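Undergrad: Enclosed is the structure file model24.csv (CSV, C-alpha atoms).
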chain,number,residue,atom,x,y,z
A,4,MET,CA,38.2,174.2,25.2
A,5,THR,CA,39.9,170.8,25.4
A,6,ASN,CA,42.8,169.8,23.2
A,7,LEU,CA,40.7,167.4,21.2
A,8,ILE,CA,39.3,168.8,18.0
A,9,PRO,CA,35.5,168.2,17.8
A,10,HIS,CA,34.1,166.4,14.8
A,11,ASN,CA,30.4,166.2,15.4
A,12,ILE,CA,29.2,169.8,15.8
A,13,ALA,CA,25.8,171.4,16.3
A,14,ILE,CA,25.0,175.0,15.4
A,15,ALA,CA,21.9,176.7,16.8
A,16,GLY,CA,20.8,179.5,14.5
A,17,ALA,CA,21.0,179.7,10.7
A,18,GLY,CA,21.5,183.4,10.3
A,19,LEU,CA,24.7,185.0,9.1
A,20,LEU,CA,27.0,183.6,11.8
A,21,GLY,CA,25.4,180.1,11.7
A,22,ARG,CA,25.7,179.8,8.0
A,23,LEU,CA,29.3,181.1,7.8
A,24,LEU,CA,30.4,178.7,10.6
A,25,ALA,CA,28.6,175.8,9.1
A,26,TRP,CA,30.2,176.5,5.7
A,27,GLN,CA,33.8,176.8,7.2
A,28,LEU,CA,33.4,173.7,9.4
A,29,LEU,CA,32.0,171.5,6.6
A,30,GLN,CA,34.9,172.5,4.4
A,31,ALA,CA,37.2,171.4,7.3
A,32,GLY,CA,35.7,168.0,7.3
A,33,CYS,CA,33.5,168.3,10.3
A,34,LYS,CA,30.0,166.8,10.6
A,35,VAL,CA,27.6,169.7,11.1
A,36,THR,CA,23.9,169.7,12.2
A,37,LEU,CA,22.3,173.1,11.8
A,38,PHE,CA,19.2,173.9,13.9
A,39,GLU,CA,16.9,176.8,12.8
A,40,ALA,CA,13.8,177.9,14.7
A,41,GLY,CA,12.1,179.1,11.5
A,42,SER,CA,12.6,178.4,7.8
A,43,PHE,CA,15.9,178.1,6.1
A,44,SER,CA,14.5,179.4,2.9
A,45,PRO,CA,15.2,183.0,1.8
A,46,ASN,CA,11.5,183.4,1.1
A,47,GLN,CA,10.6,182.8,4.8
A,48,PRO,CA,8.0,185.1,6.4
A,49,GLN,CA,9.4,188.4,7.7
A,50,THR,CA,8.7,187.5,11.3
A,51,ASP,CA,11.1,184.6,11.0
A,52,ARG,CA,13.9,186.4,9.2
A,53,ALA,CA,17.4,186.7,10.6
A,54,ALA,CA,18.6,190.2,11.2
A,55,ALA,CA,21.2,189.6,8.4
A,56,PHE,CA,18.4,189.2,5.9
A,57,THR,CA,16.9,192.6,6.7
A,58,ALA,CA,20.3,194.4,6.9
A,59,ALA,CA,21.7,196.6,4.2
A,60,GLY,CA,25.0,194.7,4.0
A,61,MET,CA,27.4,197.6,4.5
A,62,ILE,CA,31.0,196.9,5.4
A,63,ALA,CA,31.8,200.4,6.7
A,64,PRO,CA,34.5,200.4,9.3
A,65,LEU,CA,35.0,204.2,9.2
A,66,SER,CA,31.3,205.1,9.4
A,67,GLU,CA,30.7,202.7,12.2
A,68,ALA,CA,33.8,203.7,14.2
A,69,VAL,CA,32.2,207.1,14.6
A,70,VAL,CA,29.4,205.6,16.7
A,71,SER,CA,31.5,202.8,18.3
A,72,ASP,CA,35.2,202.6,18.8
A,73,GLU,CA,38.6,201.8,17.3
A,74,GLY,CA,38.1,198.0,17.9
A,75,VAL,CA,35.1,198.0,15.6
A,76,TYR,CA,37.2,199.8,13.0
A,77,ARG,CA,40.0,197.1,13.3
A,78,MET,CA,37.6,194.3,12.9
A,79,GLY,CA,36.0,196.0,10.0
A,80,GLN,CA,39.3,196.3,8.2
A,81,PHE,CA,39.7,192.6,8.7
A,82,ALA,CA,36.3,192.0,7.1
A,83,LEU,CA,37.3,194.0,4.0
A,84,GLN,CA,40.2,191.5,3.6
A,85,GLN,CA,38.3,188.3,4.6
A,86,TRP,CA,35.1,188.7,2.6
A,87,PRO,CA,36.8,188.5,-0.9
A,88,THR,CA,38.9,185.5,0.3
A,89,TRP,CA,35.8,183.6,1.5
A,90,LEU,CA,33.6,184.5,-1.5
A,91,ALA,CA,36.2,183.4,-4.0
A,92,LYS,CA,35.5,179.8,-2.8
A,93,LEU,CA,31.8,179.9,-3.6
A,94,ASN,CA,30.7,177.8,-6.5
A,95,THR,CA,29.4,180.8,-8.5
A,96,LYS,CA,30.7,183.6,-10.6
A,97,GLN,CA,28.1,186.1,-9.3
A,98,PRO,CA,29.7,189.0,-7.5
A,99,PHE,CA,28.5,189.6,-4.0
A,100,PHE,CA,31.2,191.9,-2.6
A,101,PHE,CA,31.9,195.4,-3.8
A,102,GLN,CA,34.6,197.8,-2.5
A,103,ARG,CA,33.9,201.1,-4.1
A,104,GLY,CA,34.0,203.3,-1.0
A,105,SER,CA,31.0,205.1,0.5
A,106,LEU,CA,29.9,208.8,0.2
A,107,VAL,CA,28.8,210.9,3.1
A,108,ILE,CA,27.0,214.1,2.2
A,109,ALA,CA,24.8,216.8,3.7
A,110,HIS,CA,22.4,219.4,2.6
A,111,PRO,CA,23.8,223.0,2.9
A,112,GLN,CA,21.8,223.7,6.1
A,113,ASP,CA,23.3,220.5,7.7
A,114,PHE,CA,27.0,221.1,7.0
A,115,SER,CA,27.6,221.2,10.7
A,116,GLU,CA,26.6,217.6,11.0
A,117,LEU,CA,29.1,216.6,8.3
A,118,GLU,CA,31.8,218.6,10.1
A,119,GLN,CA,30.9,216.9,13.4
A,120,PHE,CA,31.1,213.5,11.7
A,121,GLU,CA,34.6,214.3,10.4
A,122,ARG,CA,35.8,215.5,13.8
A,123,GLU,CA,34.6,212.3,15.5
A,124,LEU,CA,36.2,210.2,12.8
A,125,GLN,CA,39.6,212.0,13.4
A,126,PHE,CA,39.2,211.5,17.1
A,127,VAL,CA,38.5,207.7,17.0
A,128,ILE,CA,40.8,206.9,14.1
A,129,PRO,CA,43.4,209.7,14.0
A,130,GLN,CA,45.9,207.6,11.9
A,131,CYS,CA,43.4,206.9,9.1
A,132,LYS,CA,44.3,208.4,5.7
A,133,THR,CA,41.7,206.6,3.5
A,134,TYR,CA,39.1,209.3,3.4
A,135,HIS,CA,39.0,212.9,2.1
A,136,ARG,CA,36.8,215.8,1.6
A,137,VAL,CA,35.0,216.1,-1.8
A,138,ASN,CA,33.4,219.2,-3.4
A,139,GLN,CA,30.4,219.5,-5.7
A,140,GLN,CA,32.3,218.5,-8.9
A,141,GLN,CA,33.9,215.5,-7.2
A,142,ILE,CA,30.5,214.4,-5.8
A,143,HIS,CA,29.1,214.6,-9.3
A,144,GLU,CA,31.9,212.5,-10.6
A,145,LEU,CA,31.4,209.8,-8.0
A,146,GLU,CA,27.6,209.8,-8.2
A,147,PRO,CA,26.3,211.7,-11.2
A,148,ASP,CA,22.6,211.0,-10.4
A,149,LEU,CA,22.6,212.7,-7.0
A,150,HIS,CA,20.9,216.1,-6.7
A,151,PRO,CA,23.4,218.8,-7.9
A,152,HIS,CA,23.0,221.0,-4.8
A,153,PHE,CA,25.2,218.7,-2.7
A,154,SER,CA,28.5,220.7,-2.5
A,155,GLN,CA,30.4,219.1,0.4
A,156,GLY,CA,31.0,215.6,1.4
A,157,LEU,CA,33.4,212.9,2.6
A,158,PHE,CA,34.5,210.0,0.4
A,159,LEU,CA,35.5,207.0,2.6
A,160,ALA,CA,37.5,205.1,0.0
A,161,GLU,CA,38.1,201.8,1.8
A,162,GLU,CA,34.5,200.9,2.6
A,163,GLY,CA,32.4,198.3,0.8
A,164,HIS,CA,29.1,196.5,0.8
A,165,VAL,CA,27.6,193.1,0.0
A,166,ASP,CA,24.4,191.9,-1.7
A,167,ASN,CA,23.3,190.4,1.5
A,168,ARG,CA,20.2,188.4,0.6
A,169,GLU,CA,21.8,186.9,-2.5
A,170,LEU,CA,24.8,186.1,-0.4
A,171,LEU,CA,22.8,184.4,2.4
A,172,SER,CA,21.1,182.3,-0.3
A,173,ALA,CA,24.3,181.3,-2.0
A,174,ILE,CA,26.0,180.2,1.3
A,175,GLY,CA,22.9,178.3,2.2
A,176,GLY,CA,23.0,176.4,-1.1
A,177,GLU,CA,26.7,175.7,-0.5
A,178,ILE,CA,26.3,174.2,2.9
A,179,ILE,CA,23.4,172.0,1.6
A,180,SER,CA,25.7,170.7,-1.1
A,181,LEU,CA,28.4,170.0,1.4
A,182,GLY,CA,26.1,167.7,3.4
A,183,VAL,CA,24.9,169.7,6.4
A,184,ALA,CA,22.2,168.0,8.5
A,185,LEU,CA,19.5,170.7,8.4
A,186,ARG,CA,16.8,170.9,11.1
A,187,GLU,CA,14.3,173.6,10.2
A,188,PHE,CA,11.4,174.8,12.4
A,189,THR,CA,13.2,173.5,15.5
A,190,LYS,CA,13.5,175.8,18.5
A,191,VAL,CA,16.2,174.7,20.9
A,192,ASN,CA,17.9,175.4,24.2
A,193,VAL,CA,21.6,174.8,24.4
A,194,THR,CA,24.0,173.5,27.1
A,195,ALA,CA,27.5,172.1,26.9
A,196,ASN,CA,27.6,169.2,24.3
A,197,LYS,CA,23.8,169.1,24.2
A,198,ILE,CA,20.9,170.5,22.1
A,199,ILE,CA,17.6,170.3,23.8
A,200,THR,CA,14.5,170.4,21.5
A,201,GLU,CA,10.8,170.2,22.5
A,202,ASN,CA,10.8,166.4,22.2
A,203,SER,CA,14.4,165.3,22.6
A,204,GLU,CA,18.0,165.8,23.7
A,205,GLU,CA,20.9,165.2,21.4
A,206,ASN,CA,24.6,165.1,22.3
A,207,PHE,CA,27.5,166.5,20.2
A,208,ASP,CA,31.2,167.0,20.6
A,209,LEU,CA,30.6,170.8,20.5
A,210,VAL,CA,27.5,173.1,20.4
A,211,ILE,CA,27.8,176.6,18.9
A,212,ASP,CA,25.0,179.0,19.8
A,213,CYS,CA,24.4,181.6,17.1
A,214,ARG,CA,20.7,182.3,17.8
A,215,GLY,CA,20.9,186.0,18.0
A,216,LEU,CA,17.9,187.4,19.9
A,217,GLY,CA,16.5,183.8,20.0
A,218,ALA,CA,19.0,183.2,22.8
A,219,LYS,CA,17.6,185.9,25.0
A,220,ALA,CA,15.8,183.4,27.3
A,221,GLN,CA,19.2,181.9,28.1
A,222,ASP,CA,21.1,185.2,28.0
A,223,GLY,CA,19.3,187.9,30.0
A,224,LYS,CA,22.0,190.5,29.0
A,225,LEU,CA,20.8,190.5,25.4
A,226,ARG,CA,18.4,193.2,24.1
A,227,GLY,CA,16.7,193.8,20.8
A,228,VAL,CA,17.2,197.1,18.9
A,229,ARG,CA,14.5,197.8,16.3
A,230,GLY,CA,15.5,198.8,12.8
A,231,GLU,CA,13.2,199.8,9.9
A,232,THR,CA,14.0,199.7,6.2
A,233,LEU,CA,12.4,200.8,3.0
A,234,HIS,CA,13.0,199.0,-0.3
A,235,VAL,CA,12.4,200.8,-3.6
A,236,GLU,CA,12.9,199.9,-7.3
A,237,THR,CA,13.6,202.3,-10.1
A,238,LYS,CA,15.5,202.4,-13.4
A,239,GLU,CA,15.6,206.2,-13.3
A,240,ILE,CA,18.7,206.5,-11.1
A,241,GLN,CA,21.9,204.6,-10.6
A,242,LEU,CA,24.2,204.6,-7.5
A,243,HIS,CA,27.6,202.9,-7.5
A,244,ARG,CA,28.2,202.8,-3.7
A,245,PRO,CA,26.4,203.4,-0.4
A,246,VAL,CA,25.5,207.0,0.3
A,247,ARG,CA,24.9,208.4,3.8
A,248,LEU,CA,22.9,211.6,4.3
A,249,MET,CA,23.8,213.5,7.5
A,250,HIS,CA,20.8,215.1,9.3
A,251,PRO,CA,20.3,216.5,12.8
A,252,ARG,CA,17.7,213.7,13.7
A,253,TYR,CA,19.0,210.7,11.7
A,254,GLN,CA,21.7,209.5,9.4
A,255,LEU,CA,20.0,208.0,6.4
A,256,TYR,CA,21.8,205.4,4.3
A,257,ILE,CA,20.9,204.2,0.9
A,258,VAL,CA,22.6,201.1,-0.6
A,259,PRO,CA,22.3,199.9,-4.2
A,260,LYS,CA,21.1,196.3,-4.7
A,261,PRO,CA,20.7,194.0,-7.7
A,262,ASN,CA,17.8,194.5,-10.2
A,263,TYR,CA,17.5,198.3,-9.8
A,264,ARG,CA,16.7,198.0,-6.1
A,265,PHE,CA,17.8,200.2,-3.3
A,266,ILE,CA,17.5,199.8,0.5
A,267,ILE,CA,17.0,202.8,2.6
A,268,GLY,CA,17.3,202.9,6.4
A,269,ALA,CA,18.1,205.3,9.3
A,270,THR,CA,16.1,204.2,12.3
A,271,GLN,CA,17.6,202.7,15.5
A,272,ILE,CA,14.9,202.4,18.1
A,273,GLU,CA,15.3,201.1,21.6
A,274,SER,CA,12.3,198.7,21.4
A,275,GLU,CA,11.7,195.0,20.9
A,276,ASP,CA,8.5,195.8,18.9
A,277,ARG,CA,8.4,193.7,15.7
A,278,SER,CA,5.3,195.3,14.3
A,279,PRO,CA,5.3,196.9,10.8
A,280,VAL,CA,7.1,200.2,9.8
A,281,THR,CA,5.5,203.2,11.4
A,282,LEU,CA,3.9,206.0,9.3
A,283,GLN,CA,6.4,208.5,10.7
A,284,SER,CA,9.4,206.4,9.7
A,285,SER,CA,8.0,205.8,6.3
A,286,LEU,CA,7.5,209.5,5.7
A,287,GLU,CA,10.9,210.4,7.0
A,288,LEU,CA,12.7,207.8,4.9
A,289,SER,CA,10.7,208.6,1.8
A,290,SER,CA,11.1,212.4,2.0
A,291,ALA,CA,14.9,212.1,2.8
A,292,LEU,CA,15.3,209.8,-0.2
A,293,TYR,CA,13.5,212.3,-2.5
A,294,THR,CA,15.9,215.0,-1.4
A,295,LEU,CA,18.8,212.9,-2.6
A,296,SER,CA,17.4,212.9,-6.1
A,297,PRO,CA,14.0,213.9,-7.5
A,298,ALA,CA,14.3,210.8,-9.8
A,299,PHE,CA,13.3,208.8,-6.7
A,300,ALA,CA,9.8,210.3,-6.9
A,301,GLU,CA,8.8,207.6,-9.4
A,302,ALA,CA,10.4,204.7,-7.6
A,303,ARG,CA,8.1,201.9,-6.6
A,304,ILE,CA,8.0,200.8,-3.0
A,305,ILE,CA,8.4,197.1,-3.1
A,306,GLU,CA,9.0,196.3,0.6
A,307,MET,CA,9.0,197.9,4.1
A,308,ASP,CA,10.7,195.7,6.6
A,309,THR,CA,11.5,195.7,10.4
A,310,ASN,CA,13.7,193.5,12.5
A,311,LEU,CA,15.5,193.4,15.8
A,312,ARG,CA,19.3,193.5,16.1
A,313,PRO,CA,20.7,191.5,19.0
A,314,ALA,CA,22.9,193.6,21.2
A,315,TYR,CA,24.5,193.9,24.6
A,316,MET,CA,24.5,197.1,26.5
A,317,ASP,CA,27.8,198.3,24.9
A,318,ASN,CA,26.7,197.3,21.4
A,319,LEU,CA,29.8,195.1,21.0
A,320,PRO,CA,29.9,191.3,20.2
A,321,ARG,CA,30.9,188.5,22.5
A,322,VAL,CA,32.4,185.1,22.0
A,323,LYS,CA,32.2,183.0,25.1
A,324,ILE,CA,34.3,179.8,25.2
A,325,GLN,CA,33.8,176.8,27.5
A,326,ASP,CA,34.2,173.0,27.1
A,327,GLY,CA,31.5,171.7,24.8
A,328,LEU,CA,29.8,175.1,24.2
A,329,ILE,CA,30.7,178.3,22.3
A,330,THR,CA,28.2,181.2,22.4
A,331,THR,CA,28.5,184.1,20.0
A,332,ASN,CA,26.1,187.0,19.9
A,333,GLY,CA,25.7,190.8,20.0
A,334,LEU,CA,26.5,191.8,16.4
A,335,PHE,CA,24.0,194.7,16.8
A,336,ARG,CA,23.9,196.7,13.5
A,337,HIS,CA,27.4,195.6,12.5
A,338,GLY,CA,26.6,192.1,11.2
A,339,TYR,CA,28.5,192.0,7.9
A,340,LEU,CA,31.2,194.2,9.3
A,341,LEU,CA,32.0,192.1,12.4
A,342,ALA,CA,31.0,188.5,11.3
A,343,PRO,CA,34.4,187.6,9.7
A,344,ALA,CA,36.3,188.5,12.9
A,345,VAL,CA,33.8,186.6,15.1
A,346,VAL,CA,33.8,183.5,12.8
A,347,GLU,CA,37.6,183.4,12.6
A,348,ASN,CA,37.8,183.8,16.4
A,349,VAL,CA,35.5,180.8,16.9
A,350,LEU,CA,37.4,178.7,14.4
A,351,ALA,CA,40.7,179.5,16.0
A,352,ASN,CA,39.3,178.3,19.3
A,353,ILE,CA,37.8,175.1,17.8
A,354,PHE,CA,41.0,174.1,16.1
A,355,GLY,CA,43.4,175.1,18.9
A,356,LYS,CA,45.2,177.9,17.2
A,357,PRO,CA,47.4,179.7,19.8
A,358,GLU,CA,46.4,183.2,18.9
A,359,ALA,CA,42.6,183.6,18.2
A,360,VAL,CA,42.0,186.8,16.2
A,361,PHE,CA,40.7,189.8,18.2
A,362,SER,CA,40.6,187.7,21.4
A,363,GLU,CA,41.1,190.9,23.5
A,364,LEU,CA,37.9,192.4,21.9
A,365,LEU,CA,35.7,189.3,21.6
A,366,ASN,CA,36.5,186.9,24.4
A,367,ARG,CA,35.2,188.9,27.3
Step by step, read the file and then write its structure as structure tokens.

TA:
Amino acid sequence: MTNLIPHNIAIAGAGLLGRLLAWQLLQAGCKVTLFEAGSFSPNQPQTDRAAAFTAAGMIAPLSEAVVSDEGVYRMGQFALQQWPTWLAKLNTKQPFFFQRGSLVIAHPQDFSELEQFERELQFVIPQCKTYHRVNQQQIHELEPDLHPHFSQGLFLAEEGHVDNRELLSAIGGEIISLGVALREFTKVNVTANKIITENSEENFDLVIDCRGLGAKAQDGKLRGVRGETLHVETKEIQLHRPVRLMHPRYQLYIVPKPNYRFIIGATQIESEDRSPVTLQSSLELSSALYTLSPAFAEARIIEMDTNLRPAYMDNLPRVKIQDGLITTNGLFRHGYLLAPAVVENVLANIFGKPEAVFSELLNR
């Protein structure tokens, strides 16, 4: 980047990264034009939704470190500090961030999976002291509505989650009120200092590419990883935190959401197929959910959703800096976990801060 701080900035992509960067840059006094290929509305068709809309919104550095590395854990810890700081500035009293830990459990026949999870956690983060084993009574105290036969688990005390859809909507409203120039239903290509649409070319001091999988035509190293989720609604059960169920074939997670909703997911499929949820996935998610608590038998299925997570081959994010253009992509399934580190890294580069956060992990 040059030494001049850009004022007139274009952002391509109005998903999680695009909205967060627009929000921060508008607060800093920049002029921001936000381009979105689909609708900016939270009620947009499922085929147009950003991956962040489909996500469960877990901020789980320990859980994700087991399937990634220590760098993801460090960035996740940063997220746990950054999200409350950011959200305190929103013009609303509605809570979006919750840090009540997460609970990892297994059926008796699958205790070996739980033990393997703990061994991998100790290997990746040997210095971590924020989790501990829990027995049947402790599980009941944490989540009284779970099936009473769960007798062993791990409580990951530092982890959190956000109400992601409500949060995306709130940030969207905030950037509208701050005066963003919004360009919906506008597919773009990007180059340094330039946004190229179907009918025109526009020049800017800086272009930031946050298009996720929409950038694949210009970044051949990106791939989409399919995820499937099930949304249910019931007043018969209450959960206070995300719960992960260890299983030989999948790790199911269930996350509580507002208005008696729960989101359930487990699938990670190497496919760029955006078609509806398969019967097999629906059966597996539903049956696993029922084993957590028979009370889920009367839950109403209100949505089944699919989306593609943008990822590189190592499933780690990138921030690429050049004069007039910043590209950021590859959040994979770690969107809400890694977004704060990515956003702060981009902002540090824009405003010429000498030490961009996590530069050794992101600027590769």

Undergrad: If you measure from CA of Leu286 in chain A to CA of Glu236 in chain A, what distance in Å do you get, rounded to one decimal?

TA: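 Interatomic distance here is 17.0 Å.
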
Undergrad: Just checking: using all atoms listed in the file, which residue out of A:Val165, A:Ala160, A:Leu242, A:Leu282 ends up closest to Thr133 in chain A?

TA: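 Among A:Val165, A:Ala160, A:Leu242, A:Leu282, it is A:Ala160 that comes nearest to Thr133 in chain A.
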
Undergrad: Residues within 10 Å of Leu295 in chain A, please, as a ChimeraX atom specification. Count all atoms listed in the file; anything in the same chain fewer than 5 positions from it doesn't count.

TA: /A:108-110,148-153,246-248,257,290

Undergrad: From the options A:Val345, A:Ile128, A:Ala13, A:Met307, which residue's atoms come nearest to Val235 in chain A, counting only C-alpha atoms?

TA: A:Met307

Undergrad: Kindly provide, as a VMD selection string, the polymer residues lying within 12 Å of (34.0, 196.4, 3.1), counting all atoms listed in the file and using the coordinates exactly as they appear in the file.

TA: chain A and resid 60 to 67 76 to 87 99 to 105 159 to 166 244 to 245 337 to 343

Undergrad: Near range 31-35 of chain A, within 7 Å and counting all atoms listed in the file, which residues show up once chain neighbours fewer than 2 positions away are dropped, as a VMD selection string?

TA: chain A and resid 10 to 13 25 27 to 29 37 183 to 184

Undergrad: For Ser180 in chain A, which of A:Gln130, A:Gln139, A:Asn94, A:Thr309 is the closest residue, counting all atoms listed in the file?

TA: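 Closest to Ser180 in chain A, using all atoms listed in the file: A:Asn94.
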